[in-house]
2 protein chains.
Amino acid sequence: MKKRQIFLNQDEMPRQWYNILSDIKMNPPLGPNGNPVTPEQLAPVFPMNLIEQEVSTERWIDIPEEVLDVYSIWRPAPMVRAYNLEKALGTPARIYFKNESISPPGSHKPNTAVPQAYYNKVFGIEKMTTETGAGQWGSALSFACSHFGVECKVFMVRISFDQKPYRKTMMAAWGGNCVPSPSMDTRAGREALEKDPNTPGTLGIAISEAIEAAVGDESGKTRYSLGSVLNHVMLHQTVIGLEARKQMEKVGEYPDIIIGCAGGGSNFAGLAFPFVLDKINGKDIAIYPVEPAGCPTLTRAPFVYDHGDTARYTPLLPMHSLGHAFVPPPIHSGGLRYHGMAPTVSQLVNEGICEPRSVTQGKAYAAGVLLARTEGIIPAPETNHALAAVVEEAVRAREEGKEKVILFNWSGHGLLDLGAYEAYLSGNLKEDIDLPDTLLTEAGEVYAGNPKPGKLSSRR
Amino acid sequence: MKKRQIFLNQDEMPRQWYNILSDIKMNPPLGPNGNPVTPEQLAPVFPMNLIEQEVSTERWIDIPEEVLDVYSIWRPAPMVRAYNLEKALGTPARIYFKNESISPPGSHKPNTAVPQAYYNKVFGIEKMTTETGAGQWGSALSFACSHFGVECKVFMVRISFDQKPYRKTMMAAWGGNCVPSPSMDTRAGREALEKDPNTPGTLGIAISEAIEAAVGDESGKTRYSLGSVLNHVMLHQTVIGLEARKQMEKVGEYPDIIIGCAGGGSNFAGLAFPFVLDKINGKDIAIYPVEPAGCPTLTRAPFVYDHGDTARYTPLLPMHSLGHAFVPPPIHSGGLRYHGMAPTVSQLVNEGICEPRSVTQGKAYAAGVLLARTEGIIPAPETNHALAAVVEEAVRAREEGKEKVILFNWSGHGLLDLGAYEAYLSGNLKEDIDLPDTLLTEAGEVYAGNPKPGKLSSRR
């Protein structure tokens with residue numbers, strides 16, 4: 001029998017997260033006055049212990065015992081050798097993936113939801129608000145809050161809310177309360193509905209609603225939580241890559257290529273960042289964030305200062321952005337329909353350390369079905385984008401006759417996204433949606449007057 | 001950090017299944033002429049290699065390398081200590097479960113789907129037909145067939161097909177073809193629709209359709225597959241209990257109580273049978289199959305000879321049966337809506353080795369939500385029945401102040417059954433459906449004239 005799953009025992013679980021801010025230079029987020037944001041300015045939005053993590057430049061940050069205890073419900077996650085895919089493609093590449101689909105919410109998202117709920121609880125917070133695109137993040141935060149007795153309210157992008165009614169129930173099973181966004185509960189929501197009562201919603205609007213609902217609670221016991229983009233989110237996700245490094249060691253391998261899909265950047269960063277450190281230190285390794293051609297943040301949008309949300313409640317973040325008012329086309333991959341990108345991931349792309357790719361949703365679903373029929377797990381639509389790039393690289397290795405080692409992140413399963421598979425399998429999924437350059441230029445007008453982030457280099 | 005998940009490495013996976021026919025006495029299945037069925041009579045329905053397994057009395061049967069290879073996609077399954085549930089209930093009991101929800105189809109079902117697809121392939125079969133209730137089995141067989149290049153057709157009980165449209169898509173993602181039953185594709189289906197065009201369908205009717213579709217294929221290259229009830233199915237599932245015994249040893253424990261939900265009997269048997277052997281050999285251990293009060297096969301129906309399907313295509317099986325024409329009420333637990341019970345499980349109940357319990361669906365869902373909020377995984381509706389019994393036993397241990405060790409089977413997750421949770425969480429799930437004795441007596445008329453199975457005893 002082949003050694004397909006590479007397990008770690010629970011006593012081999014990483015006890016610290018890796019903080020990439022110790023190893024790269026970053027432009028600071030800017031407040032309304034154009035100066036770098038202070039922790040105090042963020043205090044109404046996030047608890048101070050998480051703000052401290054957000055700005056920390058310590059390389060290693062301890063994972064609290066209480067977080068490890070909840071992680072241990074599904075972690076360490078197996079690393080899997082994709083023998084069947086290799087065989088199906090006839091490739092000499094050795095392909096591995098981290099299986100993050102086995103968490104109870106079905107994705108990598110609880111890796112940060114759990115510590116966020118924990119730090120909020122410790123800080124005395126009683127209620128957390130957030131937004132969710134595909135529903136993975138809202139499910140994860142509801143799951144996490146159930147473990148620490150924190151109330152959870154989720155604003156879910158309406159197109160996903162309607163496409164996936166069971167997501168709401170899933171959150172409710174863990175005690176979470178999910179409403180479609182834009183909602184009438186916030187000023188940002190009401191304004192969006194006034195502008196277009198039939199809007200499919202965007203992550204940008206939903207973020208505005210969730211921030212407003214947190215900051216507006218006069219008891220001071222509510223805070224906002226973001227499932228991607230921010231530094232502390234990337235930090236928490238590095239448990240994926242840190243486990244993967246140990247697992248690679250166990251089988252005597254080291255990856256030539258790292259691949260993860262990228263919407264806000266967190267599952268990509270979680271796998272990639274520990275290997276980015278090796279690359280900065282001289283390792284020869286290709287690192288590919290993969291995004292949908294229908295929402296091409298890294299591959300077609302410029303590096304600018306822009307807001308993370310539509311109502312401009314967030315600071316200006318240095319990132320690749322399609323513009324905070326951009327409404328992504330209704331591609332079947334809610335988790336990747338975001339106008340911006342994590343500043344850390346954006347910075348690594350600027351420096352050429354990570355090389356972004358994009359794939360059409362037709363190619364993504366074709367790869368997803370191939371993987372379902374070889375490796376068994378039905379992938380999340382987001383994961384499918386990574387898979388399409390994996391297939392491309394494996395085929396290239398075959399053509400070049402090279403024994404490359406490919407490692408990718410199976411970020412989630414698609415069991416609550418089967419509507420999109422139904423469309424694909426019945427031939428009703430568009431290969432992709434065309435985004436002319438003019439559209440992107442127009443969308444970019446919202447950040448045209450902002451300060452420009454500096455060009456920095458972190459290579460040693 | 002607590003040691004919550006107890007892993008086995010892949011080289012510790014059991015290499016043989018345990019066959020309980022070596023250790024208990026059984027009444028034989030009877031053919032149309034009233035005599036024991038011969039292997040030849042079954043040959044149009046099943047491939048001969050599986051028929052040989054069905055009647056084998058060897059205690060240990062080797063798991064083929066090709067089957068181990070597919071098992072290794074998700075096995076060995078973790079055994080988990082349910083610390084959070086223990087704490088929530090304040091019980092001195094130590095509670096463990098096998099987590100069978102992590103298989104790609106989401107349940108224990110692929111444990112037998114994979115070997116069945118393998119043995120059919122080896123025998124030269126090109127297409128398999130089957131029925132499915134909740135959809136777990138049809139998904140599992142579609143998954144399994146995708147690994148061996150065998151075509152798969154699934155007749156899905158109509159009420160479940162309508163309640164869970166994504167099950168069909170899930171099967172399609174693996175290449176399976178799922179139709180609602182009763183269908184117009186078979187005589188059995190057409191007759192059922194003629195009698196009641198609005199019938200919700202039953203597993204009994206769907207079995208008849210699948211058998212007819214297999215036997216009626218004149219090429220001789222199609223066979224039928226059953227996901228529960230039969231001896232070879234129970235055999236394959238013992239991989240669960242065999243792993244659990246090793247995992248229990250690793251933590252220096254041995255269970256006082258074994259619990260599994262029981263519809264046809266396979267997830268219960270899979271966990272319990274290796275421990276039944278210990279009990280027959282003198283161990284003091286309580287073993288509880290748990291069924292829904294709305295379909296009380298073991299707790300209220302007699303032990304008789306009856307058919308496994310509505311159209312009476314199957315041999316007469318010695319089992320607890322509500323009558324092959326019984327239409328179970330539309331409880332939200334499709335996998336437990338079956339009129340019969342595995343002959344092996346029935347026999348063990350007759351002998352007092354296993355003691356059946358029943359729970360209402362209201363109690364089952366209450367336990368399911370408690371477990372989702374403590375142990376994280378949203379359980380399948382079927383699993384909820386086991387959970388209700390676990391909670392009862394844990395509370396009893398608290399009241400008696402006893403440190404019992406409870407082991408149960410988390411047979412699957414409920415991510416494709418969230419409609420039922422929606423009904424429960426919004427207060428629209430009936431506590432249960434009343435089944436008066438007179439209804440059961442009437443339903444029993446269909447087997448009243450059959451031969452009576454003998455009373456046998458296997459205790460040593």
# chains A, B, ... in the order shown; residues from 1 in each chain; ligands from 1

$ closest_atom_pairs --of "chain B" --to "chain A" --cutoff "6 Å" --atoms "only C-alpha atoms" --output "Markdown table"
| residue | atom | partner | partner_atom | distance |
| --- | --- | --- | --- | --- |
| B:Met1 | CA | A:Asp69 | CA | 5.7 |
| B:Asp69 | CA | A:Met1 | CA | 5.7 |
| B:Pro104 | CA | A:Ile377 | CA | 4.8 |
| B:Ser146 | CA | A:Arg373 | CA | 5.9 |
| B:Tyr166 | CA | A:Leu418 | CA | 5.9 |
| B:Thr169 | CA | A:Glu422 | CA | 5.6 |
| B:Trp174 | CA | A:Arg373 | CA | 5.4 |
| B:Arg373 | CA | A:Trp174 | CA | 5.4 |
| B:Gly376 | CA | A:Pro104 | CA | 5.8 |
| B:Ile377 | CA | A:Pro104 | CA | 4.8 |
| B:Leu418 | CA | A:Tyr166 | CA | 5.9 |
| B:Glu422 | CA | A:Thr169 | CA | 5.6 |

$ write_last_selection --atoms "N, CA, C and O atoms" --output "JSON list (two decimals), in the first residue's frame"
[["chain", "number", "residue", "atom", "x", "y", "z"],
["B", 1, "MET", "N", -1.83, 20.62, 25.89],
["B", 1, "MET", "CA", -2.91, 20.27, 24.94],
["B", 1, "MET", "C", -3.37, 18.82, 25.14],
["B", 1, "MET", "O", -2.56, 17.93, 25.26],
["B", 69, "ASP", "N", -5.60, 0.55, -1.08],
["B", 69, "ASP", "CA", -5.09, 1.75, -1.74],
["B", 69, "ASP", "C", -6.16, 2.85, -1.80],
["B", 69, "ASP", "O", -5.86, 4.02, -1.58],
["B", 104, "PRO", "N", -14.43, 11.21, 1.71],
["B", 104, "PRO", "CA", -14.93, 12.18, 0.72],
["B", 104, "PRO", "C", -16.45, 12.20, 0.56],
["B", 104, "PRO", "O", -17.04, 13.26, 0.49],
["B", 146, "SER", "N", -15.88, 5.37, -9.45],
["B", 146, "SER", "CA", -14.99, 6.25, -10.20],
["B", 146, "SER", "C", -13.54, 5.76, -10.12],
["B", 146, "SER", "O", -12.74, 6.04, -11.01],
["B", 166, "TYR", "N", -28.88, 18.28, -4.13],
["B", 166, "TYR", "CA", -27.44, 18.29, -4.38],
["B", 166, "TYR", "C", -26.81, 16.91, -4.31],
["B", 166, "TYR", "O", -25.69, 16.71, -4.78],
["B", 169, "THR", "N", -26.12, 15.82, -7.75],
["B", 169, "THR", "CA", -24.95, 16.50, -8.31],
["B", 169, "THR", "C", -23.66, 15.89, -7.76],
["B", 169, "THR", "O", -22.68, 15.72, -8.48],
["B", 174, "TRP", "N", -18.80, 12.52, -9.37],
["B", 174, "TRP", "CA", -17.98, 11.30, -9.44],
["B", 174, "TRP", "C", -18.36, 10.42, -10.64],
["B", 174, "TRP", "O", -17.91, 9.28, -10.74],
["B", 373, "ARG", "N", -22.10, 21.79, 18.64],
["B", 373, "ARG", "CA", -21.58, 22.94, 19.38],
["B", 373, "ARG", "C", -20.48, 22.56, 20.37],
["B", 373, "ARG", "O", -19.84, 23.45, 20.94],
["B", 376, "GLY", "N", -17.94, 19.95, 17.33],
["B", 376, "GLY", "CA", -17.66, 20.68, 16.09],
["B", 376, "GLY", "C", -18.36, 20.16, 14.85],
["B", 376, "GLY", "O", -18.92, 20.94, 14.10],
["B", 377, "ILE", "N", -18.30, 18.87, 14.62],
["B", 377, "ILE", "CA", -18.86, 18.31, 13.38],
["B", 377, "ILE", "C", -20.39, 18.34, 13.42],
["B", 377, "ILE", "O", -20.98, 17.93, 14.42],
["B", 418, "LEU", "N", -28.90, 19.70, 5.71],
["B", 418, "LEU", "CA", -29.14, 20.88, 6.53],
["B", 418, "LEU", "C", -30.60, 21.33, 6.50],
["B", 418, "LEU", "O", -31.06, 22.05, 7.38],
["B", 422, "GLU", "N", -32.61, 22.94, 9.53],
["B", 422, "GLU", "CA", -33.38, 24.18, 9.41],
["B", 422, "GLU", "C", -34.75, 23.99, 10.05],
["B", 422, "GLU", "O", -35.21, 24.83, 10.83]]

$ residues_around --residues "Ser228 of chain A" --least-positions-apart "2" --cutoff "9 Å" --atoms "only C-alpha atoms" --output "list in words"
Lys109, Thr112, Trp137, Leu226, Leu230, Asn231, His232, Val233, Met234, Gly263, Gly264, Gly265, Ser266, Asn267, Met341 and Ala342 of chain A

$ select_by_dssp --residues "segment 105-308 of chain A" --states "alpha helix (DSSP H)" --output "ChimeraX atom specification"
/A:110-122,136-148,158-163,165-173,187-195,203-215,231-237,239-250,266-280,297-300

$ residues_around --residues "segment 436-442 of chain A" --least-positions-apart "6" --cutoff "12 Å" --atoms "only C-alpha atoms" --output "PyMOL selection string"
chain A and resi 293-297+299-302+321-329+339+448

$ select_by_dssp --residues "segment 74-295 of chain A" --states "strand (DSSP E)" --output "number ranges by chain"
A: 79-81, 94-99, 127-132, 151-157, 177-181, 222-224, 257-261, 286-292

$ closest_residue --among "A:Thr57, A:Asp162, A:Arg187, A:Phe408" --to "Ile257 of chain A" --atoms "only C-alpha atoms"
A:Phe408

$ closest_residue --among "A:Ser346, A:Ser107, A:Asn177, A:Thr186" --to "Gln136 of chain A" --atoms "only C-alpha atoms"
A:Ser107

$ residues_around --residues "segment 125-132 of chain A" --least-positions-apart "4" --cutoff "6 Å" --atoms "only C-alpha atoms" --output "count of residues only"
19
